[in-house]
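Notes follow the structure.
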Amino acid sequence: MISFPQRLLEGYRAFTTQRLPTEQSRYLELSERGQSPEVMVIGCCDSRVSPEVIFDVGPGELFVLRNIANLVPIYQPDANAHGVSAALEYAVTVLQVKHIVILGHAQCGGIRAFVDKAAPLSPGDFIGRWMSMFIKPGEVVEQRTHESFQDFVTRIEKAAVFRSLENLMTFPFVRSRVEAGDLQLHGAYFGVAEGSLFVLDKAAKEFKSARAGE
């Protein structure tokens with residue numbers, strides 16, 4: 001007999017006895033009024049990088065989309081199914097979020113496989129095809145002279161945030177709201193080992209610590 005993961009059952013029971021009693025009214029309100037989050041976070045599937053935990057939010061505060069390497073594709077309305085684009089369209093046109101945050105992170109497996117050109121990144125599989133949209137046609141991603149491999153990986157992890165922000169602006173419904181001042185786009189980078197968060201300073205084109213006083 002296949003049993004439901006015991007850890008999840010234990011977690012749910014803890015939730016019902018500890019957290020739910022303090023948030024019951026919030027859940028009731030959300031069920032009756034519906035959700036109206038102001039922030040959408042596009043993050044990685046990595047189990048170590050949970051936006052709800054990192055930003056210490058409650059139910060209904062974030063509209064979260066997670067995929068391999070926190071990538072946003074370009075706007076491509078065709079006959080194929082586009083999960084990221086559908087979630088983005090819902091967040092922007094229906095929920096009318098005011099902020100979209102691209103949340104990259106250290107030790108990203110998708111990025112590491114990409115730079116290593118390692119399995120399972122064969123041309124015909126899902127991960128390889130997904131990661132291929134990270135680079136533009138003819139673009140070459142290589143380690144720089146005098147750049148350590150770790151610095152190279154970190155640079156590409158952060159570059160994925162820049163590329164996703166760039167791709168967001170190819171969506172007409174995103175661009176129009178950004179240009180009207182109704183939507184803001186942000187980048188962030190999470191250091192798994194230290195639990196550190198860095199926020200993109202667009203003017204300086206660099207990530208700066210989000211800790212107070214730094």
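Numbering starts fresh at 1 for the residues of each chain in the structure tokens, the chains themselves are lettered A, B, ... in the order given, and ligands are numbered from 1 as they appear.
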
- Message: as number ranges by chain, please: every residue in segment 79-190 of chain A that a backbone DSSP assignment puts in strand (DSSP E or B).
- Response: A: 99-105, 184-190

May I have the residues from that selection written out with C-alpha atoms, as a PDB file, in the first residue's frame?
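That gives us part-v1.pdb:
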ATOM      1  CA  HIS A  99       5.614  44.062  -7.930  1.00  0.00           C
ATOM      2  CA  ILE A 100       7.326  41.102  -9.604  1.00  0.00           C
ATOM      3  CA  VAL A 101      10.481  39.773  -7.963  1.00  0.00           C
ATOM      4  CA  ILE A 102      12.861  37.415  -9.757  1.00  0.00           C
ATOM      5  CA  LEU A 103      14.552  35.451  -6.975  1.00  0.00           C
ATOM      6  CA  GLY A 104      17.819  33.771  -7.978  1.00  0.00           C
ATOM      7  CA  HIS A 105      20.029  31.815  -5.606  1.00  0.00           C
ATOM      8  CA  GLN A 184       7.659  47.421 -10.726  1.00  0.00           C
ATOM      9  CA  LEU A 185      10.170  44.679 -11.553  1.00  0.00           C
ATOM     10  CA  HIS A 186      12.838  43.609  -9.077  1.00  0.00           C
ATOM     11  CA  GLY A 187      15.745  41.199  -8.845  1.00  0.00           C
ATOM     12  CA  ALA A 188      17.086  39.407  -5.770  1.00  0.00           C
ATOM     13  CA  TYR A 189      19.688  36.747  -5.001  1.00  0.00           C
ATOM     14  CA  PHE A 190      19.645  34.384  -2.012  1.00  0.00           C
TER      15      PHE A 190
END

- Task: Write out as a list in words each polymer residue whose atoms come within 10 Å of Pro73 of chain A, counting only C-alpha atoms; drop sequence neighbours fewer than 6 positions from it.
- Result: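 Within the cut-off, the hits are His82, Val84, Ser85, Trp130, Met131, Met133, Phe134, Arg163, Ser164, Leu165, Glu166, Asn167, Leu168, Thr170 and Phe171 of chain A.
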
- What separation in Å, quoted to one decimal, exists between atom CA of Phe15 of chain A and atom CA of Ala87 of chain A?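 Separation of atom CA of Phe15 of chain A and atom CA of Ala87 of chain A: 27.3 Å.
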
Within 7 Å of Cys45 of chain A using only C-alpha atoms, minus same-chain residues under 4 positions, as a tab-separated table (two decimals) with all heavy atoms, in the first residue's frame:
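Here's the written file around_32.tsv:
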chain	number	residue	atom	x	y	z
A	66	ARG	N	7.38	28.90	-9.21
A	66	ARG	CA	8.72	28.34	-9.11
A	66	ARG	C	8.98	27.40	-10.28
A	66	ARG	O	8.11	26.62	-10.67
A	66	ARG	CB	8.89	27.60	-7.76
A	66	ARG	CG	8.71	28.53	-6.57
A	66	ARG	CD	8.72	27.82	-5.25
A	66	ARG	NE	10.05	27.30	-4.89
A	66	ARG	CZ	10.32	26.74	-3.71
A	66	ARG	NH1	9.38	26.63	-2.79
A	66	ARG	NH2	11.54	26.30	-3.46
A	67	ASN	N	10.17	27.50	-10.83
A	67	ASN	CA	10.57	26.61	-11.93
A	67	ASN	C	12.08	26.39	-11.86
A	67	ASN	O	12.76	26.96	-11.00
A	67	ASN	CB	10.14	27.18	-13.29
A	67	ASN	CG	10.78	28.53	-13.59
A	67	ASN	OD1	11.99	28.72	-13.47
A	67	ASN	ND2	9.98	29.49	-14.02
A	68	ILE	N	12.62	25.60	-12.76
A	68	ILE	CA	14.06	25.36	-12.78
A	68	ILE	C	14.80	26.65	-13.11
A	68	ILE	O	14.58	27.25	-14.17
A	68	ILE	CB	14.42	24.26	-13.80
A	68	ILE	CG1	13.76	22.93	-13.43
A	68	ILE	CG2	15.93	24.10	-13.90
A	68	ILE	CD1	14.21	22.34	-12.11

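In this structure, atom CA of Val41 of chain A sits 6.3 Å away from atom CA of Phe63 of chain A.
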
- Message: Just want the 6 Å neighbourhood of Asn70 of chain A, counted on only C-alpha atoms, with same-chain residues fewer than 6 positions away dropped. Output as a PyMOL selection string.
- Response: chain A and resi 42-44

For those residues, write all heavy atoms to a file as a PDB file, in the first residue's frame.
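Dumped to result37.pdb:
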ATOM      1  N   ILE A  42       8.963  35.052  -8.656  1.00  0.00           N
ATOM      2  CA  ILE A  42       9.318  33.970  -9.573  1.00  0.00           C
ATOM      3  C   ILE A  42      10.658  33.432  -9.087  1.00  0.00           C
ATOM      4  O   ILE A  42      11.688  34.108  -9.180  1.00  0.00           O
ATOM      5  CB  ILE A  42       9.413  34.469 -11.022  1.00  0.00           C
ATOM      6  CG1 ILE A  42       8.057  35.048 -11.457  1.00  0.00           C
ATOM      7  CG2 ILE A  42       9.834  33.326 -11.953  1.00  0.00           C
ATOM      8  CD1 ILE A  42       8.053  35.640 -12.859  1.00  0.00           C
ATOM      9  N   GLY A  43      10.620  32.234  -8.521  1.00  0.00           N
ATOM     10  CA  GLY A  43      11.809  31.652  -7.933  1.00  0.00           C
ATOM     11  C   GLY A  43      12.116  30.280  -8.494  1.00  0.00           C
ATOM     12  O   GLY A  43      11.441  29.795  -9.403  1.00  0.00           O
ATOM     13  N   CYS A  44      13.123  29.661  -7.926  1.00  0.00           N
ATOM     14  CA  CYS A  44      13.566  28.340  -8.371  1.00  0.00           C
ATOM     15  C   CYS A  44      12.831  27.249  -7.596  1.00  0.00           C
ATOM     16  O   CYS A  44      12.397  27.450  -6.459  1.00  0.00           O
ATOM     17  CB  CYS A  44      15.076  28.211  -8.164  1.00  0.00           C
ATOM     18  SG  CYS A  44      15.773  26.651  -8.759  1.00  0.00           S
TER      19      CYS A  44
END

- Item | In segment 29-112 of chain A, DSSP alpha helix (DSSP H) residues written as a list of chain:residue names |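 Here are the alpha helix (DSSP H) residues of segment 29-112 of chain A: A:Glu29, A:Leu30, A:Ser31, A:Glu32, A:Arg33, A:Pro51, A:Glu52, A:Val53, A:Ile54, A:Gly83, A:Val84, A:Ser85, A:Ala86, A:Ala87, A:Leu88, A:Glu89, A:Gly109, A:Gly110, A:Ile111, A:Arg112.
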
- Pairwise distance for atom CA of Val97 of chain A and atom CA of Met169 of chain A, rounded to one decimal in Å: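 So the two atoms, atom CA of Val97 of chain A and atom CA of Met169 of chain A, lie 15.2 Å apart.
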